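Below is one structure, written out as structure tokens, with a few remarks after it.
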There are 2 protein chains.
Amino acid sequence: MASALTEAGGRTRLFVAEGLAEGATFALGPEQSHYLLHVLRARSGDRVLLFNGRDGEWQAEIAAGKRALTVTCRARTRMQAGVPDIWLLFAPVKKTPSDYLAQKATELGAARLQPVFTRRTIVTRVNSARLAANAAEAAQQSDRLSLPETPEPLTLEKALTAWPEERRLYFCDEGGDAQPLAEAARGTRGPAAILTGPEGGFDPAERAMLRAHAFVVPVTLGPRILRADTAALAALAIWQSVAGDFR
Amino acid sequence: MASALTEAGGRTRLFVAEGLAEGATFALGPEQSHYLLHVLRARSGDRVLLFNGRDGEWQAEIAAGKRALTVTCRARTRMQAGVPDIWLLFAPVKKTPSDYLAQKATELGAARLQPVFTRRTIVTRVNSARLAANAAEAAQQSDRLSLPETPEPLTLEKALTAWPEERRLYFCDEGGDAQPLAEAARGTRGPAAILTGPEGGFDPAERAMLRAHAFVVPVTLGPRILRADTAALAALAIWQSVAGDFR
């Protein structure tokens with residue numbers, strides 16, 4: 001019986017921390033070993049793809065022990081490549097939508113997932129390890145060679161105080177006179193970020209504070225009310241299509 | 001103690017089947033009555049917004065009985081308005097992603113949600129009532145005045161055979177030479193549709209069949225592999241931003 005790894009055409013991809021180079025050999029951690037051995041029924045000699053965000057993608061050969069697996073890099077299959085320099089700043093939402101948001105934003109090629117506490121944010125805590133795990137899973141499945149950065153949450157004030165001036169911040173504003181994101185971003189170059197609010201939106205003081213910064217570009221996502229996670233994903237897709245690598 | 005309805009500033013919206021006009025009075029169904037009475041603690045004299053997809057949006061006054069609620073239309077708050085003429089044809093996915101897809105596509109302003117069985121579609125059954133219920137919930141929350149149509153599933157072959165030639169069909173194709181959706185759709189007018197496949201993509205015969213039709217426009221959504229639901233939502237957001245009402 002062929003293993004599920006073989007059936008998948010050797011397309012199973014794993015994110016690892018170790019350095020990858022011709023002949024590099026190391027043991028996989030218990031979760032990845034379990035997955036390969038007991039879910040995919042991997043056997044010695046099977047192949048798997050590895051990436052670490054630095055050294056490209058490598059085809060590696062599995063040596064299966066009883067409990068853990070060792071992998072040995074055999075050939076580089078892709079050179080390292082990043083994603084466009086687009087950050088997503090988002091007000092954290094409750095657990096399930098957060099998982100979904102982290103996965104989808106990774107698929108859509110966000111370079112950084114930055115939780116931001118705003119005045120109307122109801123969630124008071126972010127599970128950063130869970131955010132990173134969701135991002136890693138989505139990176140593996142979406143063929144990314146890098147994981148998005150998942151820094152610890154910041155308050156909106158701190159995020160703005162420390163802001164790198166050259167990075168344009170598209171502020172998804174529900175109220176009023178903002179221009180459509182596709183028009184604001186079309187054909188622009190250079191670092192950018194998208195900011196989406198919590199379910200209750202931004203409060204008036206936050207909106208005024210945001211609009212006072214030269215790097216902030218208020219934008220609209222159309223006439224309907226979007227949930228927080230929908231807005232974040234729609235904005236990322238639109239930005240990628242007019243200024244990123246969907247082109 | 002104020003009811004949650006009053007606290008929400010009278011912004012609670014319900015989709016109903018009945019005709020809406022000045023003075024129109026009718027009883028709400030058991031689910032909506034329960035929601036207003038026991039979740040939002042509605043009392044007689046409270047206000048709620050109603051829409052039915054035909055008669056605009058109305059502010060209505062509640063008369064609370066012990067088990068059911070009666071509503072009376074008092075004033076029209078918005079004239080009827082539709083969404084852009086964009087259909088989403090999607091290969092059905094398993095339960096939770098399907099719920100999510102129906103909700104998000106409704107928020108993003110799809111006029112029709114059409115499940116389509118393709119050769120690699122794993123799901124064999126679509127719960128159309130559940131699809132419609134998810135769409136109604138999202139319409140209520142997203143400020144839409146219309147629900148998307150949710151017809152029974154079709155096979156891809158049948159959908160193409162019955163296709164109205166003047167409706168452009170953007171086929172989200174993973175392979176090869178397709179142009180970016182934003183470029184293909186920018187500034188176009190007239191009816192359109194987006195077709196996204198199942199997790200395993202379209203098979204070669206399907207791709208050839210699709211590309212043989214003059215109304216089919218193959219498009220790409222960038223270099224990463226998107227999950228089926230991510231692709232559908234990204235494509236809708238991009239279309240709305242270059243040809244729909246995000247502009």
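Numbering starts fresh at 1 for the residues of each chain in the structure tokens, the chains themselves are lettered A, B, ... in the order given, and ligands are numbered from 1 as they appear.
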Transformed chain A, reference chain B, in-order C-alpha pairing, as a PDB file with C-alpha atoms, in the first residue's frame:
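The result, written out as result_21.pdb:
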```
ATOM      1  CA  MET A   1     -34.340  48.898  32.147  1.00  0.00           C
ATOM      2  CA  ALA A   2     -34.139  49.769  28.462  1.00  0.00           C
ATOM      3  CA  SER A   3     -34.455  46.861  26.089  1.00  0.00           C
ATOM      4  CA  ALA A   4     -31.440  45.832  24.047  1.00  0.00           C
ATOM      5  CA  LEU A   5     -33.413  46.976  21.023  1.00  0.00           C
ATOM      6  CA  THR A   6     -33.494  50.522  22.320  1.00  0.00           C
ATOM      7  CA  GLU A   7     -29.827  50.352  23.268  1.00  0.00           C
ATOM      8  CA  ALA A   8     -28.989  49.301  19.717  1.00  0.00           C
ATOM      9  CA  GLY A   9     -30.453  52.614  18.551  1.00  0.00           C
ATOM     10  CA  GLY A  10     -33.262  50.944  16.663  1.00  0.00           C
ATOM     11  CA  ARG A  11     -30.760  49.425  14.202  1.00  0.00           C
ATOM     12  CA  THR A  12     -31.940  45.827  14.552  1.00  0.00           C
ATOM     13  CA  ARG A  13     -32.949  44.636  11.079  1.00  0.00           C
ATOM     14  CA  LEU A  14     -35.144  41.682  10.174  1.00  0.00           C
ATOM     15  CA  PHE A  15     -35.851  40.076   6.820  1.00  0.00           C
ATOM     16  CA  VAL A  16     -39.539  39.226   6.402  1.00  0.00           C
ATOM     17  CA  ALA A  17     -41.664  37.763   3.599  1.00  0.00           C
ATOM     18  CA  GLU A  18     -44.688  40.028   4.017  1.00  0.00           C
ATOM     19  CA  GLY A  19     -45.443  43.117   1.960  1.00  0.00           C
ATOM     20  CA  LEU A  20     -44.322  46.359   3.635  1.00  0.00           C
ATOM     21  CA  ALA A  21     -46.348  49.577   3.398  1.00  0.00           C
ATOM     22  CA  GLU A  22     -47.595  52.367   5.650  1.00  0.00           C
ATOM     23  CA  GLY A  23     -49.737  50.777   8.367  1.00  0.00           C
ATOM     24  CA  ALA A  24     -49.153  47.163   7.273  1.00  0.00           C
ATOM     25  CA  THR A  25     -49.505  44.904  10.325  1.00  0.00           C
ATOM     26  CA  PHE A  26     -48.572  41.249  10.691  1.00  0.00           C
ATOM     27  CA  ALA A  27     -47.267  38.710  13.195  1.00  0.00           C
ATOM     28  CA  LEU A  28     -43.600  37.711  13.115  1.00  0.00           C
ATOM     29  CA  GLY A  29     -42.690  34.043  12.921  1.00  0.00           C
ATOM     30  CA  PRO A  30     -41.729  32.110  16.062  1.00  0.00           C
ATOM     31  CA  GLU A  31     -37.952  32.413  15.583  1.00  0.00           C
ATOM     32  CA  GLN A  32     -37.938  36.157  15.077  1.00  0.00           C
ATOM     33  CA  SER A  33     -40.466  36.621  17.887  1.00  0.00           C
ATOM     34  CA  HIS A  34     -38.301  34.581  20.220  1.00  0.00           C
ATOM     35  CA  TYR A  35     -35.199  36.530  19.255  1.00  0.00           C
ATOM     36  CA  LEU A  36     -36.826  39.902  19.854  1.00  0.00           C
ATOM     37  CA  LEU A  37     -38.686  38.934  23.017  1.00  0.00           C
ATOM     38  CA  HIS A  38     -36.169  36.770  24.819  1.00  0.00           C
ATOM     39  CA  VAL A  39     -32.785  37.762  23.422  1.00  0.00           C
ATOM     40  CA  LEU A  40     -33.348  41.483  22.921  1.00  0.00           C
ATOM     41  CA  ARG A  41     -36.104  41.836  25.570  1.00  0.00           C
ATOM     42  CA  ALA A  42     -38.349  43.773  23.192  1.00  0.00           C
ATOM     43  CA  ARG A  43     -41.413  45.496  24.591  1.00  0.00           C
ATOM     44  CA  SER A  44     -44.489  47.055  23.042  1.00  0.00           C
ATOM     45  CA  GLY A  45     -43.611  50.358  21.438  1.00  0.00           C
ATOM     46  CA  ASP A  46     -40.034  49.372  20.579  1.00  0.00           C
ATOM     47  CA  ARG A  47     -38.921  49.876  16.994  1.00  0.00           C
ATOM     48  CA  VAL A  48     -37.296  47.495  14.564  1.00  0.00           C
ATOM     49  CA  LEU A  49     -36.286  47.778  10.900  1.00  0.00           C
ATOM     50  CA  LEU A  50     -37.872  45.426   8.354  1.00  0.00           C
ATOM     51  CA  PHE A  51     -37.009  44.615   4.731  1.00  0.00           C
ATOM     52  CA  ASN A  52     -38.333  42.046   2.290  1.00  0.00           C
ATOM     53  CA  GLY A  53     -36.202  42.545  -0.810  1.00  0.00           C
ATOM     54  CA  ARG A  54     -38.987  44.434  -2.642  1.00  0.00           C
ATOM     55  CA  ASP A  55     -40.395  47.354  -0.666  1.00  0.00           C
ATOM     56  CA  GLY A  56     -37.362  49.093   0.805  1.00  0.00           C
ATOM     57  CA  GLU A  57     -36.671  49.306   4.526  1.00  0.00           C
ATOM     58  CA  TRP A  58     -39.346  50.249   7.067  1.00  0.00           C
ATOM     59  CA  GLN A  59     -39.308  51.246  10.673  1.00  0.00           C
ATOM     60  CA  ALA A  60     -41.965  49.203  12.422  1.00  0.00           C
ATOM     61  CA  GLU A  61     -43.480  49.335  15.875  1.00  0.00           C
ATOM     62  CA  ILE A  62     -43.673  46.233  17.983  1.00  0.00           C
ATOM     63  CA  ALA A  63     -46.766  45.061  19.855  1.00  0.00           C
ATOM     64  CA  ALA A  64     -45.654  42.287  22.172  1.00  0.00           C
ATOM     65  CA  GLY A  65     -47.949  39.461  23.116  1.00  0.00           C
ATOM     66  CA  LYS A  66     -46.970  36.572  25.362  1.00  0.00           C
ATOM     67  CA  ARG A  67     -45.750  34.290  22.607  1.00  0.00           C
ATOM     68  CA  ALA A  68     -45.684  36.174  19.337  1.00  0.00           C
ATOM     69  CA  LEU A  69     -44.999  39.691  18.226  1.00  0.00           C
ATOM     70  CA  THR A  70     -46.981  41.863  15.886  1.00  0.00           C
ATOM     71  CA  VAL A  71     -45.283  44.606  13.916  1.00  0.00           C
ATOM     72  CA  THR A  72     -46.823  47.639  12.242  1.00  0.00           C
ATOM     73  CA  CYS A  73     -44.928  49.579   9.557  1.00  0.00           C
ATOM     74  CA  ARG A  74     -44.699  53.257  10.460  1.00  0.00           C
ATOM     75  CA  ALA A  75     -42.253  54.916   8.080  1.00  0.00           C
ATOM     76  CA  ARG A  76     -40.068  53.957   5.161  1.00  0.00           C
ATOM     77  CA  THR A  77     -36.419  54.555   6.057  1.00  0.00           C
ATOM     78  CA  ARG A  78     -34.829  53.592   2.707  1.00  0.00           C
ATOM     79  CA  MET A  79     -36.022  53.013  -0.831  1.00  0.00           C
ATOM     80  CA  GLN A  80     -35.463  49.561  -2.291  1.00  0.00           C
ATOM     81  CA  ALA A  81     -31.983  49.111  -3.782  1.00  0.00           C
ATOM     82  CA  GLY A  82     -30.281  46.060  -5.179  1.00  0.00           C
ATOM     83  CA  VAL A  83     -26.685  44.945  -5.445  1.00  0.00           C
ATOM     84  CA  PRO A  84     -24.524  44.821  -8.589  1.00  0.00           C
ATOM     85  CA  ASP A  85     -25.485  42.018 -10.972  1.00  0.00           C
ATOM     86  CA  ILE A  86     -22.724  39.612  -9.946  1.00  0.00           C
ATOM     87  CA  TRP A  87     -23.322  35.909  -9.397  1.00  0.00           C
ATOM     88  CA  LEU A  88     -21.052  33.554  -7.490  1.00  0.00           C
ATOM     89  CA  LEU A  89     -20.874  29.999  -8.830  1.00  0.00           C
ATOM     90  CA  PHE A  90     -18.982  27.852  -6.350  1.00  0.00           C
ATOM     91  CA  ALA A  91     -18.217  24.190  -5.882  1.00  0.00           C
ATOM     92  CA  PRO A  92     -19.813  23.361  -2.518  1.00  0.00           C
ATOM     93  CA  VAL A  93     -17.459  22.685   0.378  1.00  0.00           C
ATOM     94  CA  LYS A  94     -18.069  21.041   3.725  1.00  0.00           C
ATOM     95  CA  LYS A  95     -20.453  22.492   6.267  1.00  0.00           C
ATOM     96  CA  THR A  96     -18.594  25.152   8.214  1.00  0.00           C
ATOM     97  CA  PRO A  97     -16.746  26.699   5.254  1.00  0.00           C
ATOM     98  CA  SER A  98     -20.081  26.696   3.358  1.00  0.00           C
ATOM     99  CA  ASP A  99     -21.770  28.702   6.098  1.00  0.00           C
ATOM    100  CA  TYR A 100     -18.886  31.108   6.121  1.00  0.00           C
ATOM    101  CA  LEU A 101     -18.880  31.415   2.339  1.00  0.00           C
ATOM    102  CA  ALA A 102     -22.613  32.150   2.192  1.00  0.00           C
ATOM    103  CA  GLN A 103     -22.345  34.825   4.873  1.00  0.00           C
ATOM    104  CA  LYS A 104     -19.268  36.538   3.468  1.00  0.00           C
ATOM    105  CA  ALA A 105     -20.473  36.437  -0.146  1.00  0.00           C
ATOM    106  CA  THR A 106     -23.721  38.083   0.978  1.00  0.00           C
ATOM    107  CA  GLU A 107     -21.817  40.818   2.809  1.00  0.00           C
ATOM    108  CA  LEU A 108     -19.688  41.341  -0.296  1.00  0.00           C
ATOM    109  CA  GLY A 109     -22.823  41.922  -2.354  1.00  0.00           C
ATOM    110  CA  ALA A 110     -23.327  38.800  -4.468  1.00  0.00           C
ATOM    111  CA  ALA A 111     -26.695  38.793  -6.239  1.00  0.00           C
ATOM    112  CA  ARG A 112     -26.874  35.000  -6.545  1.00  0.00           C
ATOM    113  CA  LEU A 113     -25.133  32.117  -4.763  1.00  0.00           C
ATOM    114  CA  GLN A 114     -25.191  29.144  -7.136  1.00  0.00           C
ATOM    115  CA  PRO A 115     -23.680  25.846  -5.939  1.00  0.00           C
ATOM    116  CA  VAL A 116     -22.121  23.952  -8.853  1.00  0.00           C
ATOM    117  CA  PHE A 117     -21.033  20.319  -8.782  1.00  0.00           C
ATOM    118  CA  THR A 118     -17.754  19.739 -10.595  1.00  0.00           C
ATOM    119  CA  ARG A 119     -15.878  16.482 -11.179  1.00  0.00           C
ATOM    120  CA  ARG A 120     -13.609  16.923  -8.193  1.00  0.00           C
ATOM    121  CA  THR A 121     -16.304  18.224  -5.848  1.00  0.00           C
ATOM    122  CA  ILE A 122     -16.326  15.939  -2.815  1.00  0.00           C
ATOM    123  CA  VAL A 123     -19.517  17.228  -1.196  1.00  0.00           C
ATOM    124  CA  THR A 124     -22.510  15.468  -2.751  1.00  0.00           C
ATOM    125  CA  ARG A 125     -25.378  17.362  -1.186  1.00  0.00           C
ATOM    126  CA  VAL A 126     -26.165  20.989  -0.508  1.00  0.00           C
ATOM    127  CA  ASN A 127     -28.495  22.110   2.262  1.00  0.00           C
ATOM    128  CA  SER A 128     -30.277  24.871   0.363  1.00  0.00           C
ATOM    129  CA  ALA A 129     -32.367  25.944   3.354  1.00  0.00           C
ATOM    130  CA  ARG A 130     -29.190  26.398   5.382  1.00  0.00           C
ATOM    131  CA  LEU A 131     -27.586  28.363   2.556  1.00  0.00           C
ATOM    132  CA  ALA A 132     -30.614  30.682   2.434  1.00  0.00           C
ATOM    133  CA  ALA A 133     -30.658  31.073   6.226  1.00  0.00           C
ATOM    134  CA  ASN A 134     -26.985  32.063   6.275  1.00  0.00           C
ATOM    135  CA  ALA A 135     -27.616  34.557   3.481  1.00  0.00           C
ATOM    136  CA  ALA A 136     -30.610  36.068   5.319  1.00  0.00           C
ATOM    137  CA  GLU A 137     -28.616  36.465   8.527  1.00  0.00           C
ATOM    138  CA  ALA A 138     -25.773  38.181   6.699  1.00  0.00           C
ATOM    139  CA  ALA A 139     -28.173  40.427   4.765  1.00  0.00           C
ATOM    140  CA  GLN A 140     -29.728  41.584   8.034  1.00  0.00           C
ATOM    141  CA  GLN A 141     -26.372  42.450   9.542  1.00  0.00           C
ATOM    142  CA  SER A 142     -24.703  43.942   6.498  1.00  0.00           C
ATOM    143  CA  ASP A 143     -27.437  46.489   5.771  1.00  0.00           C
ATOM    144  CA  ARG A 144     -28.455  44.872   2.488  1.00  0.00           C
ATOM    145  CA  LEU A 145     -32.013  45.456   1.294  1.00  0.00           C
ATOM    146  CA  SER A 146     -32.120  42.252  -0.730  1.00  0.00           C
ATOM    147  CA  LEU A 147     -31.153  38.638  -0.203  1.00  0.00           C
ATOM    148  CA  PRO A 148     -28.999  36.853  -2.746  1.00  0.00           C
ATOM    149  CA  GLU A 149     -30.850  34.229  -4.752  1.00  0.00           C
ATOM    150  CA  THR A 150     -29.919  30.733  -3.604  1.00  0.00           C
ATOM    151  CA  PRO A 151     -31.068  28.348  -6.339  1.00  0.00           C
ATOM    152  CA  GLU A 152     -30.727  24.580  -6.141  1.00  0.00           C
ATOM    153  CA  PRO A 153     -27.303  23.178  -7.142  1.00  0.00           C
ATOM    154  CA  LEU A 154     -26.497  22.441 -10.777  1.00  0.00           C
ATOM    155  CA  THR A 155     -23.815  20.386 -12.427  1.00  0.00           C
ATOM    156  CA  LEU A 156     -21.205  22.503 -14.170  1.00  0.00           C
ATOM    157  CA  GLU A 157     -22.341  21.114 -17.533  1.00  0.00           C
ATOM    158  CA  LYS A 158     -25.946  22.166 -16.933  1.00  0.00           C
ATOM    159  CA  ALA A 159     -24.931  25.577 -15.694  1.00  0.00           C
ATOM    160  CA  LEU A 160     -22.954  26.173 -18.897  1.00  0.00           C
ATOM    161  CA  THR A 161     -25.622  24.771 -21.215  1.00  0.00           C
ATOM    162  CA  ALA A 162     -28.250  27.115 -19.807  1.00  0.00           C
ATOM    163  CA  TRP A 163     -25.890  30.089 -19.628  1.00  0.00           C
ATOM    164  CA  PRO A 164     -27.141  33.540 -20.694  1.00  0.00           C
ATOM    165  CA  GLU A 165     -24.539  34.506 -23.318  1.00  0.00           C
ATOM    166  CA  GLU A 166     -24.407  38.175 -22.348  1.00  0.00           C
ATOM    167  CA  ARG A 167     -23.244  37.373 -18.808  1.00  0.00           C
ATOM    168  CA  ARG A 168     -19.457  37.283 -18.595  1.00  0.00           C
ATOM    169  CA  LEU A 169     -18.187  34.335 -16.546  1.00  0.00           C
ATOM    170  CA  TYR A 170     -14.847  34.879 -14.797  1.00  0.00           C
ATOM    171  CA  PHE A 171     -13.379  31.419 -14.398  1.00  0.00           C
ATOM    172  CA  CYS A 172     -10.811  31.388 -11.570  1.00  0.00           C
ATOM    173  CA  ASP A 173      -8.259  29.072 -13.126  1.00  0.00           C
ATOM    174  CA  GLU A 174      -5.255  27.850 -11.215  1.00  0.00           C
ATOM    175  CA  GLY A 175      -3.275  26.850 -14.244  1.00  0.00           C
ATOM    176  CA  GLY A 176      -1.281  28.976 -16.505  1.00  0.00           C
ATOM    177  CA  ASP A 177      -1.878  31.885 -18.727  1.00  0.00           C
ATOM    178  CA  ALA A 178      -4.941  33.636 -17.326  1.00  0.00           C
ATOM    179  CA  GLN A 179      -4.938  37.399 -16.783  1.00  0.00           C
ATOM    180  CA  PRO A 180      -5.464  38.948 -13.348  1.00  0.00           C
ATOM    181  CA  LEU A 181      -9.144  39.392 -12.456  1.00  0.00           C
ATOM    182  CA  ALA A 182      -8.674  43.088 -11.640  1.00  0.00           C
ATOM    183  CA  GLU A 183      -7.353  43.725 -15.156  1.00  0.00           C
ATOM    184  CA  ALA A 184      -9.942  41.567 -16.882  1.00  0.00           C
ATOM    185  CA  ALA A 185     -12.879  43.176 -15.078  1.00  0.00           C
ATOM    186  CA  ARG A 186     -11.753  46.784 -14.636  1.00  0.00           C
ATOM    187  CA  GLY A 187     -14.404  49.210 -15.799  1.00  0.00           C
ATOM    188  CA  THR A 188     -16.574  46.554 -17.446  1.00  0.00           C
ATOM    189  CA  ARG A 189     -20.353  46.908 -17.347  1.00  0.00           C
ATOM    190  CA  GLY A 190     -23.184  44.433 -17.554  1.00  0.00           C
ATOM    191  CA  PRO A 191     -23.995  41.153 -15.882  1.00  0.00           C
ATOM    192  CA  ALA A 192     -21.129  39.028 -14.633  1.00  0.00           C
ATOM    193  CA  ALA A 193     -20.387  35.888 -12.650  1.00  0.00           C
ATOM    194  CA  ILE A 194     -17.433  34.355 -10.850  1.00  0.00           C
ATOM    195  CA  LEU A 195     -16.727  30.615 -10.910  1.00  0.00           C
ATOM    196  CA  THR A 196     -14.490  29.019  -8.285  1.00  0.00           C
ATOM    197  CA  GLY A 197     -13.629  25.352  -8.022  1.00  0.00           C
ATOM    198  CA  PRO A 198     -13.350  22.757  -5.284  1.00  0.00           C
ATOM    199  CA  GLU A 199     -10.191  22.132  -3.213  1.00  0.00           C
ATOM    200  CA  GLY A 200      -8.782  19.902  -5.939  1.00  0.00           C
ATOM    201  CA  GLY A 201      -9.385  22.432  -8.702  1.00  0.00           C
ATOM    202  CA  PHE A 202     -10.961  21.784 -12.086  1.00  0.00           C
ATOM    203  CA  ASP A 203      -9.949  18.767 -14.105  1.00  0.00           C
ATOM    204  CA  PRO A 204      -8.384  19.181 -17.573  1.00  0.00           C
ATOM    205  CA  ALA A 205     -11.589  18.310 -19.435  1.00  0.00           C
ATOM    206  CA  GLU A 206     -13.523  20.902 -17.452  1.00  0.00           C
ATOM    207  CA  ARG A 207     -10.899  23.536 -18.086  1.00  0.00           C
ATOM    208  CA  ALA A 208     -11.042  22.835 -21.827  1.00  0.00           C
ATOM    209  CA  MET A 209     -14.848  22.878 -21.810  1.00  0.00           C
ATOM    210  CA  LEU A 210     -14.913  26.196 -19.968  1.00  0.00           C
ATOM    211  CA  ARG A 211     -12.346  27.828 -22.204  1.00  0.00           C
ATOM    212  CA  ALA A 212     -14.310  26.845 -25.314  1.00  0.00           C
ATOM    213  CA  HIS A 213     -17.132  29.261 -24.416  1.00  0.00           C
ATOM    214  CA  ALA A 214     -16.972  32.857 -25.650  1.00  0.00           C
ATOM    215  CA  PHE A 215     -18.541  34.156 -22.427  1.00  0.00           C
ATOM    216  CA  VAL A 216     -15.831  32.559 -20.257  1.00  0.00           C
ATOM    217  CA  VAL A 217     -12.899  34.749 -19.186  1.00  0.00           C
ATOM    218  CA  PRO A 218     -10.135  32.755 -17.456  1.00  0.00           C
ATOM    219  CA  VAL A 219      -8.586  34.778 -14.638  1.00  0.00           C
ATOM    220  CA  THR A 220      -5.907  34.314 -11.989  1.00  0.00           C
ATOM    221  CA  LEU A 221      -5.913  35.221  -8.293  1.00  0.00           C
ATOM    222  CA  GLY A 222      -2.160  35.389  -7.853  1.00  0.00           C
ATOM    223  CA  PRO A 223       0.711  33.007  -7.221  1.00  0.00           C
ATOM    224  CA  ARG A 224      -0.409  31.286  -4.006  1.00  0.00           C
ATOM    225  CA  ILE A 225      -2.835  28.397  -3.655  1.00  0.00           C
ATOM    226  CA  LEU A 226      -6.065  29.689  -2.148  1.00  0.00           C
ATOM    227  CA  ARG A 227      -8.609  27.523  -0.419  1.00  0.00           C
ATOM    228  CA  ALA A 228     -11.918  27.276  -2.225  1.00  0.00           C
ATOM    229  CA  ASP A 229     -13.717  29.701   0.078  1.00  0.00           C
ATOM    230  CA  THR A 230     -10.828  32.193   0.145  1.00  0.00           C
ATOM    231  CA  ALA A 231     -10.747  32.261  -3.659  1.00  0.00           C
ATOM    232  CA  ALA A 232     -14.478  32.959  -3.892  1.00  0.00           C
ATOM    233  CA  LEU A 233     -14.353  35.836  -1.412  1.00  0.00           C
ATOM    234  CA  ALA A 234     -11.180  37.358  -2.853  1.00  0.00           C
ATOM    235  CA  ALA A 235     -12.665  37.274  -6.353  1.00  0.00           C
ATOM    236  CA  LEU A 236     -15.914  38.911  -5.226  1.00  0.00           C
ATOM    237  CA  ALA A 237     -14.040  41.674  -3.374  1.00  0.00           C
ATOM    238  CA  ILE A 238     -11.814  42.353  -6.372  1.00  0.00           C
ATOM    239  CA  TRP A 239     -14.734  42.412  -8.827  1.00  0.00           C
ATOM    240  CA  GLN A 240     -16.718  44.796  -6.611  1.00  0.00           C
ATOM    241  CA  SER A 241     -13.699  47.077  -6.377  1.00  0.00           C
ATOM    242  CA  VAL A 242     -13.101  47.392 -10.132  1.00  0.00           C
ATOM    243  CA  ALA A 243     -16.546  46.819 -11.676  1.00  0.00           C
ATOM    244  CA  GLY A 244     -19.112  46.856  -8.842  1.00  0.00           C
ATOM    245  CA  ASP A 245     -20.203  49.148  -6.046  1.00  0.00           C
ATOM    246  CA  PHE A 246     -17.004  49.388  -4.023  1.00  0.00           C
ATOM    247  CA  ARG A 247     -16.099  52.203  -6.379  1.00  0.00           C
TER     248      ARG A 247
END
```
Margin query: I need the residues in stretch 6-112 of chain B that are strand (DSSP E) according to DSSP; give them as a PyMOL selection string.
Written below: chain B and resi 13-15+25-27+47-51+57-64+69-78+86-90+112
Next item on the list: Run DSSP on the backbone of this structure and report the residues of stretch 29-237 of chain A it assigns to alpha helix (DSSP H), as a PyMOL selection string.
Entry: chain A and resi 30-34+95-107+128-142+156-161+181-185+204-211+228-237
